Amino acid sequence: MNEKLNVVEEKGVTTVHLLNKDYQQMDDSAIWAAFKSGNESAFIFIYERFFDSLFEFGSLFCRNENMVKDAVQDLFIEIRKSRSKLGDTNNIKFYLFKSLKRRVLKEQKTGFYKLLDLKNDYSFSVEFSPEQLIIDKQISQEMVEKLNLSIQRLSPRKREIIYYFYYEGLSYQEIKEIMGFTNIKSARNLLYNALEFLKGSLG
């Protein structure tokens with residue numbers, strides 16, 4: 001890859017930074033490694049790329065927009081401060097999602113926003129369009145509406161796992177971690193039960 005570099009001289013130390021647009025061509029592991037090594041442009045790229053999706057994700061757990069924004073900002077401040085101590089990841093979005101969920105739920109219980117606006121039912125807004133349904137590409141709009149109504153009848157945890165698996169494309173291992181399961185089998189079983197319910201509602 002031909003990389004354009006930004007060379008910065010500061011206090012006698014030369015630092016080489018990749019320009020932001022070059023990160024578009026890199027995988028998450030390489031971007032995260034650059035960020036951990038102190039590359040500020042890598043941090044800016046991660047911030048700009050994931051801020052909006054993190055805010056939307058945090059809003060699934062909490063109705064208070066100010067709290068969610070504060071949580072996202074605090075998360076970025078924290079990872080920037082402790083970047084050299086962070087673990088590796090090949091999925092930055094998952095890493096940040098997991099950290100933000102933990103932060104938001106903790107803040108709900110102990111912080112300034114204690115007991116304010118927590119979505120206790122974790123009412124994930126999960127809806128499918130005909131284009132998203134791989135099972136039957138010829139599915140009618142009526143069936144899509146019926147399916148979406150059925151999704152709202154799922155338990156909060158089942159809606160949550162549907163969101164992670166189909167909307168965010170997380171693996172079973174990642175779902176296990178973000179939802180706090182003790183093993184992958186539990187994640188598989190929950191998703192299977194959710195899909196069985198949805199299939200039954202369309203029968």
# chains A, B, ... in the order shown; residues from 1 in each chain; ligands from 1

call {"tool": "residues_around", "arguments": {"residues": "segment 199-201 of chain A", "least_positions_apart": "4", "cutoff": "10 Å", "atoms": "only C-alpha atoms", "output": "list in words"}}
result
Met143, Lys146, Leu147, Leu149, Ser150, Ile151, Asn193, Ala194 and Leu195 of chain A

call {"tool": "residues_around", "arguments": {"residues": "segment 99-108 of chain A", "least_positions_apart": "5", "cutoff": "12 Å", "atoms": "only C-alpha atoms", "output": "count of residues only"}}
result
45

call {"tool": "closest_residue", "arguments": {"among": "A:Gln24, A:Asn189, A:Ser84, A:Asn148", "to": "Phe45 of chain A", "atoms": "only C-alpha atoms"}}
result
A:Gln24

call {"tool": "atom_distance", "arguments": {"atom1": "atom CA of Tyr167 of chain A", "atom2": "atom CA of Asp27 of chain A"}}
result
20.2 Å

call {"tool": "atom_distance", "arguments": {"atom1": "atom CA of Gly87 of chain A", "atom2": "atom CA of Lys36 of chain A"}}
result
9.0 Å

call {"tool": "closest_residue", "arguments": {"among": "A:Trp32, A:Tyr166, A:Asp22, A:Lys158", "to": "Tyr95 of chain A", "atoms": "only C-alpha atoms"}}
result
A:Trp32

call {"tool": "atom_distance", "arguments": {"atom1": "atom CA of Phe181 of chain A", "atom2": "atom CA of Ile162 of chain A"}}
result
15.1 Å

call {"tool": "closest_residue", "arguments": {"among": "A:Thr89, A:Arg157, A:Glu48, A:Tyr172", "to": "Ala30 of chain A", "atoms": "only C-alpha atoms"}}
result
A:Thr89
